[in-house]
$ cat start03.txt   # compact mmCIF, C-alpha atoms
# COMPACT_ATOMS: atom_id res chain seq x y z
CA MET A 1 46.88 37.09 -5.88
CA LYS A 2 45.38 33.76 -4.93
CA ARG A 3 41.65 33.96 -4.51
CA MET A 4 40.35 32.85 -1.10
CA LEU A 5 37.26 30.66 -0.91
CA HIS A 6 34.18 32.34 0.46
CA TRP A 7 33.11 29.59 2.86
CA PRO A 8 29.52 30.78 3.45
CA THR A 9 28.96 30.45 -0.30
CA VAL A 10 30.57 27.00 -0.28
CA TRP A 11 28.19 25.79 2.44
CA ASP A 12 25.20 27.32 0.62
CA THR A 13 26.22 25.49 -2.55
CA LEU A 14 26.63 22.17 -0.76
CA ALA A 15 23.29 22.49 1.02
CA LEU A 16 21.40 23.25 -2.20
CA LEU A 17 23.12 20.46 -4.16
CA LEU A 18 22.67 17.82 -1.47
CA TRP A 19 19.00 18.61 -0.93
CA GLY A 20 18.36 18.50 -4.67
CA LEU A 21 20.28 15.23 -5.07
CA MET A 22 18.41 13.73 -2.11
CA LEU A 23 15.04 14.33 -3.77
CA LEU A 24 16.27 13.11 -7.15
CA ARG A 25 17.84 10.03 -5.56
CA TYR A 26 14.44 8.97 -4.19
CA TRP A 27 13.04 9.37 -7.71
CA TRP A 28 15.88 7.49 -9.42
CA SER A 29 15.75 4.63 -6.89
CA GLY A 30 11.97 4.29 -7.16
CA ARG A 31 11.48 5.00 -3.44
CA LEU A 32 9.56 8.23 -3.96
CA ALA A 33 6.36 6.16 -4.02
CA VAL A 34 7.05 5.16 -0.40
CA LEU A 35 6.94 8.81 0.65
CA LEU A 36 4.51 10.60 -1.65
CA HIS A 37 1.25 10.07 -3.50
CA PRO A 38 1.94 9.71 -7.26
CA ASP A 39 -0.01 12.92 -7.93
CA TYR A 40 2.74 14.87 -6.15
CA HIS A 41 5.81 13.16 -7.57
CA TRP A 42 6.23 15.90 -10.17
CA LEU A 43 6.47 18.47 -7.38
CA ALA A 44 9.29 16.64 -5.59
CA ILE A 45 11.15 15.90 -8.84
CA GLY A 46 10.80 19.51 -9.99
CA ALA A 47 12.01 20.78 -6.62
CA GLY A 48 15.03 18.48 -6.86
CA TRP A 49 16.05 19.83 -10.26
CA VAL A 50 15.45 23.42 -9.15
CA LEU A 51 17.63 22.96 -6.06
CA VAL A 52 20.42 21.37 -8.11
CA GLY A 53 20.22 24.26 -10.58
CA MET A 54 20.33 26.81 -7.75
CA GLY A 55 23.30 24.99 -6.23
CA LEU A 56 25.22 25.07 -9.53
CA TRP A 57 24.40 28.74 -10.04
CA ARG A 58 25.49 29.50 -6.48
CA GLY A 59 28.70 27.54 -7.05
CA VAL A 60 29.54 29.64 -10.11
CA THR A 61 29.63 32.73 -7.90
CA LEU A 62 32.66 31.25 -6.12
CA PHE A 63 34.71 31.96 -9.24
CA ARG A 64 33.40 35.47 -9.81
CA PRO A 65 34.97 38.52 -8.20
CA SER A 66 32.63 39.89 -5.55
CA PRO A 67 32.07 43.66 -5.30
CA ALA A 68 34.01 45.24 -2.46
CA SER A 69 30.88 47.01 -1.27
CA ALA A 70 28.84 43.82 -1.04
CA ASN A 71 26.95 43.70 2.25
CA PRO A 72 24.30 41.04 2.70
CA GLY A 73 22.52 43.01 5.42
CA ALA A 74 21.29 41.75 8.75
CA HIS A 75 18.21 39.61 9.26
CA ILE A 76 16.56 37.90 12.19
CA ALA A 77 17.02 34.11 12.45
CA LEU A 78 16.19 31.52 15.08
CA LEU A 79 19.68 29.99 14.84
CA PRO A 80 23.03 31.42 13.77
CA ARG A 81 23.59 31.03 10.06
CA GLN A 82 26.36 28.46 10.48
CA TRP A 83 24.19 26.28 12.72
CA SER A 84 21.27 26.43 10.31
CA LEU A 85 23.50 25.34 7.44
CA MET A 86 24.92 22.48 9.51
CA VAL A 87 21.40 21.26 10.32
CA LEU A 88 20.41 21.42 6.63
CA LEU A 89 23.55 19.60 5.56
CA ALA A 90 23.13 16.90 8.22
CA ILE A 91 19.52 16.23 7.17
CA ALA A 92 20.51 16.09 3.49
CA VAL A 93 23.36 13.63 4.17
CA PHE A 94 21.02 11.46 6.26
CA GLY A 95 18.45 11.56 3.45
CA LEU A 96 21.06 10.41 0.93
CA ILE A 97 22.03 7.46 3.14
CA TYR A 98 18.60 6.48 4.46
CA VAL A 99 16.49 3.98 2.50
CA PRO A 100 12.80 4.66 3.22
CA ARG A 101 10.65 1.65 3.97
CA PRO A 102 6.85 1.39 3.75
CA PHE A 103 4.79 1.13 6.91
CA ALA A 104 3.98 -2.40 8.05
CA SER A 105 2.14 -4.32 10.77
CA GLU A 106 3.66 -2.62 13.81
CA ALA A 107 2.70 0.83 12.51
CA ALA A 108 -0.76 -0.44 11.52
CA LEU A 109 -1.45 -1.81 15.02
CA ALA A 110 -0.11 1.37 16.60
CA ARG A 111 -2.27 3.65 14.41
CA GLY A 112 -5.32 1.39 14.67
CA ILE A 113 -7.27 -0.18 11.83
CA ALA A 114 -10.63 1.53 11.68
CA ASP A 115 -13.90 -0.19 10.79
CA PRO A 116 -14.85 0.42 7.15
CA VAL A 117 -17.93 2.45 8.12
CA ALA A 118 -15.68 4.90 9.95
CA LEU A 119 -13.41 5.58 6.98
CA THR A 120 -14.79 8.91 5.83
CA ARG A 121 -11.51 9.48 3.96
CA SER A 122 -12.11 6.57 1.61
CA GLN A 123 -13.73 8.63 -1.16
CA PRO A 124 -16.90 6.64 -1.93
CA GLN A 125 -17.61 8.88 -4.90
CA GLN A 126 -15.22 6.67 -6.87
CA PHE A 127 -18.07 4.19 -7.32
CA ALA A 128 -19.17 5.76 -10.58
CA ARG A 129 -18.10 2.46 -12.14
CA GLN A 130 -19.05 -0.99 -10.88
CA THR A 131 -16.03 -3.20 -10.23
CA PRO A 132 -16.65 -6.96 -10.34
CA PRO A 133 -15.95 -8.55 -6.93
CA ALA A 134 -13.07 -10.69 -8.20
CA GLU A 135 -11.33 -7.56 -9.56
CA ARG A 136 -11.67 -5.40 -6.44
CA SER A 137 -8.49 -4.41 -4.68
CA LEU A 138 -8.33 -4.28 -0.90
CA ILE A 139 -9.24 -0.59 -0.81
CA ASP A 140 -12.11 -1.24 -3.26
CA TRP A 141 -13.57 -3.73 -0.76
CA ILE A 142 -13.18 -1.26 2.10
CA ARG A 143 -14.86 1.48 0.08
CA THR A 144 -17.66 -0.90 -0.85
CA LEU A 145 -18.23 -1.71 2.82
CA ASN A 146 -18.11 1.98 3.62
CA VAL A 147 -21.05 2.53 1.27
CA TYR A 148 -23.04 -0.54 2.38
CA PRO A 149 -21.61 -2.20 5.52
CA GLU A 150 -23.95 -5.22 5.83
CA PRO A 151 -21.56 -8.21 5.54
CA ASP A 152 -24.27 -10.70 4.50
CA ALA A 153 -24.70 -8.75 1.25
CA TYR A 154 -21.32 -10.02 0.06
CA THR A 155 -21.54 -13.69 1.11
CA ASP A 156 -19.93 -16.07 -1.40
CA GLN A 157 -18.63 -13.22 -3.58
CA PRO A 158 -15.18 -14.03 -4.99
CA VAL A 159 -12.22 -12.12 -3.64
CA ASN A 160 -8.63 -11.75 -4.82
CA VAL A 161 -6.54 -9.28 -2.82
CA THR A 162 -2.89 -8.67 -1.97
CA GLY A 163 -1.44 -7.10 1.15
CA PHE A 164 0.89 -7.52 4.10
CA VAL A 165 0.15 -9.74 7.08
CA ILE A 166 -0.95 -8.50 10.50
CA HIS A 167 -1.43 -10.75 13.53
CA PRO A 168 -3.96 -8.90 15.70
CA PRO A 169 -3.13 -10.07 19.24
CA GLN A 170 -6.79 -10.37 20.31
CA TRP A 171 -7.68 -12.79 17.48
CA ASP A 172 -7.39 -16.58 17.54
CA ASP A 173 -4.34 -18.14 15.92
CA ASN A 174 -6.27 -19.23 12.83
CA TYR A 175 -7.08 -15.61 11.89
CA LEU A 176 -4.86 -12.98 10.37
CA MET A 177 -5.47 -9.69 8.61
CA VAL A 178 -4.40 -8.84 5.07
CA ALA A 179 -3.80 -5.12 5.02
CA ARG A 180 -2.41 -2.15 3.16
CA PHE A 181 -1.79 1.49 3.94
CA VAL A 182 -3.77 4.12 2.04
CA LEU A 183 -1.90 7.24 1.02
CA THR A 184 -3.85 10.45 0.45
CA CYS A 185 -0.93 12.88 0.24
CA CYS A 186 2.26 11.63 1.89
CA ALA A 187 3.48 9.00 4.33
CA ALA A 188 2.59 11.24 7.27
CA ASP A 189 -1.15 10.86 6.61
CA ALA A 190 -1.13 7.16 5.63
CA TYR A 191 -3.75 5.03 7.38
CA PRO A 192 -4.17 1.23 7.39
CA VAL A 193 -7.12 -0.78 6.06
CA GLY A 194 -7.54 -4.53 6.09
CA LEU A 195 -9.79 -7.58 5.98
CA PRO A 196 -9.76 -10.66 8.23
CA VAL A 197 -8.73 -13.99 6.75
CA ALA A 198 -9.95 -17.26 8.33
CA LEU A 199 -7.22 -19.85 7.88
CA THR A 200 -7.64 -23.61 8.09
CA GLY A 201 -4.29 -23.85 9.90
CA ASP A 202 -2.10 -21.72 12.13
CA ARG A 203 -1.17 -18.19 11.07
CA THR A 204 2.48 -18.67 12.02
CA GLU A 205 2.98 -19.96 8.48
CA PHE A 206 2.56 -16.33 7.39
CA PRO A 207 4.70 -14.09 9.62
CA PRO A 208 3.81 -10.43 10.22
CA ASP A 209 4.90 -8.01 7.46
CA SER A 210 5.18 -10.77 4.85
CA TRP A 211 3.16 -10.13 1.69
CA ILE A 212 0.45 -12.55 0.61
CA SER A 213 -2.07 -12.95 -2.18
CA VAL A 214 -5.42 -14.28 -0.96
CA GLN A 215 -8.00 -15.86 -3.25
CA GLY A 216 -11.29 -17.17 -1.94
CA ALA A 217 -14.83 -16.10 -1.11
CA MET A 218 -16.46 -13.77 1.38
CA GLN A 219 -18.36 -14.99 4.41
CA THR A 220 -19.81 -13.46 7.58
CA GLU A 221 -18.36 -14.40 10.96
CA THR A 222 -18.47 -13.06 14.50
CA LEU A 223 -14.95 -11.94 15.23
CA ASP A 224 -13.86 -10.10 18.35
CA GLY A 225 -17.52 -9.71 19.31
CA GLN A 226 -18.58 -8.14 15.99
CA ARG A 227 -20.20 -9.46 12.82
CA ARG A 228 -17.59 -8.95 10.16
CA LEU A 229 -16.89 -9.77 6.57
CA VAL A 230 -14.16 -12.41 6.53
CA ILE A 231 -12.26 -13.99 3.66
CA ALA A 232 -12.55 -17.79 3.48
CA PRO A 233 -9.42 -18.49 1.43
CA GLN A 234 -9.07 -21.15 -1.21
CA GLU A 235 -5.43 -20.21 -1.80
CA VAL A 236 -2.95 -18.10 0.17
CA LEU A 237 0.39 -17.48 -1.53
CA THR A 238 3.45 -15.63 -0.32
CA VAL A 239 4.39 -12.89 -2.82
CA PRO A 240 7.19 -10.29 -3.06
CA GLU A 241 6.57 -6.82 -1.72
CA PRO A 242 5.24 -4.72 -4.62
CA GLN A 243 7.19 -1.79 -5.98
CA ASN A 244 4.39 0.48 -4.80
CA PRO A 245 3.05 -0.93 -1.53
CA TYR A 246 0.34 1.66 -0.92
CA GLU A 247 -3.27 2.02 -2.03
CA PHE A 248 -4.65 5.38 -3.14
$ encode --input "start03.txt" --output "structure tokens"
Amino acid sequence: MKRMLHWPTVWDTLALLLWGLMLLRYWWSGRLAVLLHPDYHWLAIGAGWVLVGMGLWRGVTLFRPSPASANPGAHIALLPRQWSLMVLLAIAVFGLIYVPRPFASEAALARGIADPVALTRSQPQQFARQTPPAERSLIDWIRTLNVYPEPDAYTDQPVNVTGFVIHPPQWDDNYLMVARFVLTCCAADAYPVGLPVALTGDRTEFPPDSWISVQGAMQTETLDGQRRLVIAPQEVLTVPEPQNPYEF
């Protein structure tokens, strides 16, 4: 007698396999860094392999005779089982098609770029070592300002940072912000940090969301009614978006 497919098991198998492949696809494509802090990559990769393994094991049961007395028993669910599986499958298919992109200027302006002294999440305890000014990343500068926010203390110090461009609408056209998002756990809790750059020309040469490398020196200026540390650039170069666009 020809064996009939047990469709609930088929849908279970597909859901497990697709969810596992979705997580592994982000790892294989290098886009996991856009979604998760590197400290948690192992968790997502492990979950992907576990789900694929569970899907394969579940698929094997399709070819095994099931006991006649098998009764899964009733349980309470918010949605009917078929609907829940359809939702899971739809999300997994979307995840396999979707290419995650890092946050950029629009998200930064919407979330707001806090003053360095307000960034209590910036982990100032990392200053056990002294980083030379020219070697500080953007988040290193923000953490330094968080510890000691007086801008005059950093006048003429060399700076070499990379980030994406923001055009704050309230600033003059010869100012832009070089910024990056800081990831503490996942993309949901990412927050933007940045430093003003005083250009000699118009900022339209560097459109929003483009990536630039800025080399120059620090100076103090009054910007938007506040004394702020501003980069006086000697060189501003357009660079490709890095493989890992976030700071940690």
$ residues_around --input "start03.txt" --residues "A:Gly216" --least-positions-apart "4" --cutoff "12 Å" --atoms "all atoms listed in the file" --output "ChimeraX atom specification"
/A:133-134,155-162,197-199,230-237
$ residues_around --input "start03.txt" --residues "A:Ser105" --least-positions-apart "3" --cutoff "9 Å" --atoms "only C-alpha atoms" --output "MDAnalysis selection string"
chainID A and resid 108:110 164:167 179 208:209
$ closest_residue --input "start03.txt" --among "A:Gly194, A:Gly112, A:Gly163, A:Gly95" --to "A:Ile142" --atoms "only C-alpha atoms"
A:Gly194
$ axis_aligned_box --input "start03.txt" --around "stretch 37-51 of chain A" --padding-each-side "4 Å" --output "AutoDock Vina command-line options"
--center_x 8.8 --center_y 16.6 --center_z -6.9 --size_x 25.6 --size_y 21.7 --size_z 14.8
$ atom_distance --input "start03.txt" --atom1 "atom CA of A:Tyr246" --atom2 "atom CA of A:Leu35"
9.9 Å
$ residues_around --input "start03.txt" --residues "stretch 37-54 of chain A" --least-positions-apart "6" --cutoff "7 Å" --atoms "only C-alpha atoms" --output "list in words"
Leu16, Leu17, Trp19, Gly20, Leu21, Leu23, Leu24, Trp27, Leu183, Thr184, Cys185 and Cys186 of chain A
$ closest_residue --input "start03.txt" --among "A:Leu195, A:Val239, A:Leu176, A:Ala90" --to "A:Ser213" --atoms "only C-alpha atoms"
A:Val239
$ atom_distance --input "start03.txt" --atom1 "atom CA of A:Arg111" --atom2 "atom CA of A:Tyr191"
7.3 Å
$ closest_residue --input "start03.txt" --among "A:Asp224, A:Asp12, A:Glu241, A:Asp140" --to "A:Met86" --atoms "only C-alpha atoms"
A:Asp12
$ atom_distance --input "start03.txt" --atom1 "atom CA of A:Asp172" --atom2 "atom CA of A:Asp152"
22.1 Å
$ closest_residue --input "start03.txt" --among "A:Phe63, A:Trp211, A:Phe248, A:Tyr98" --to "A:Asp189" --atoms "only C-alpha atoms"
A:Phe248
$ residues_around --input "start03.txt" --residues "A:Arg228" --least-positions-apart "3" --cutoff "10 Å" --atoms "all atoms listed in the file" --output "PDB file with C-alpha atoms, in the coordinates of the input"
ATOM      1  CA  ASP A 115     -13.900  -0.190  10.790  1.00  0.00           C
ATOM      2  CA  PRO A 149     -21.610  -2.200   5.520  1.00  0.00           C
ATOM      3  CA  GLU A 150     -23.950  -5.220   5.830  1.00  0.00           C
ATOM      4  CA  PRO A 151     -21.560  -8.210   5.540  1.00  0.00           C
ATOM      5  CA  ASP A 152     -24.270 -10.700   4.500  1.00  0.00           C
ATOM      6  CA  LEU A 195      -9.790  -7.580   5.980  1.00  0.00           C
ATOM      7  CA  PRO A 196      -9.760 -10.660   8.230  1.00  0.00           C
ATOM      8  CA  GLN A 219     -18.360 -14.990   4.410  1.00  0.00           C
ATOM      9  CA  THR A 220     -19.810 -13.460   7.580  1.00  0.00           C
ATOM     10  CA  GLU A 221     -18.360 -14.400  10.960  1.00  0.00           C
ATOM     11  CA  THR A 222     -18.470 -13.060  14.500  1.00  0.00           C
ATOM     12  CA  LEU A 223     -14.950 -11.940  15.230  1.00  0.00           C
ATOM     13  CA  ASP A 224     -13.860 -10.100  18.350  1.00  0.00           C
ATOM     14  CA  GLY A 225     -17.520  -9.710  19.310  1.00  0.00           C
ATOM     15  CA  ILE A 231     -12.260 -13.990   3.660  1.00  0.00           C
TER      16      ILE A 231
END
$ closest_residue --input "start03.txt" --among "A:Val10, A:Trp171, A:Phe103, A:Glu135" --to "A:Gln226" --atoms "all atoms listed in the file"
A:Trp171
$ residues_around --input "start03.txt" --residues "A:Asn174" --least-positions-apart "3" --cutoff "6 Å" --atoms "all atoms listed in the file" --output "PyMOL selection string"
chain A and resi 199+201-203
$ closest_residue --input "start03.txt" --among "A:Trp83, A:Leu88, A:Ala15, A:Gly30" --to "A:Leu56" --atoms "all atoms listed in the file"
A:Ala15
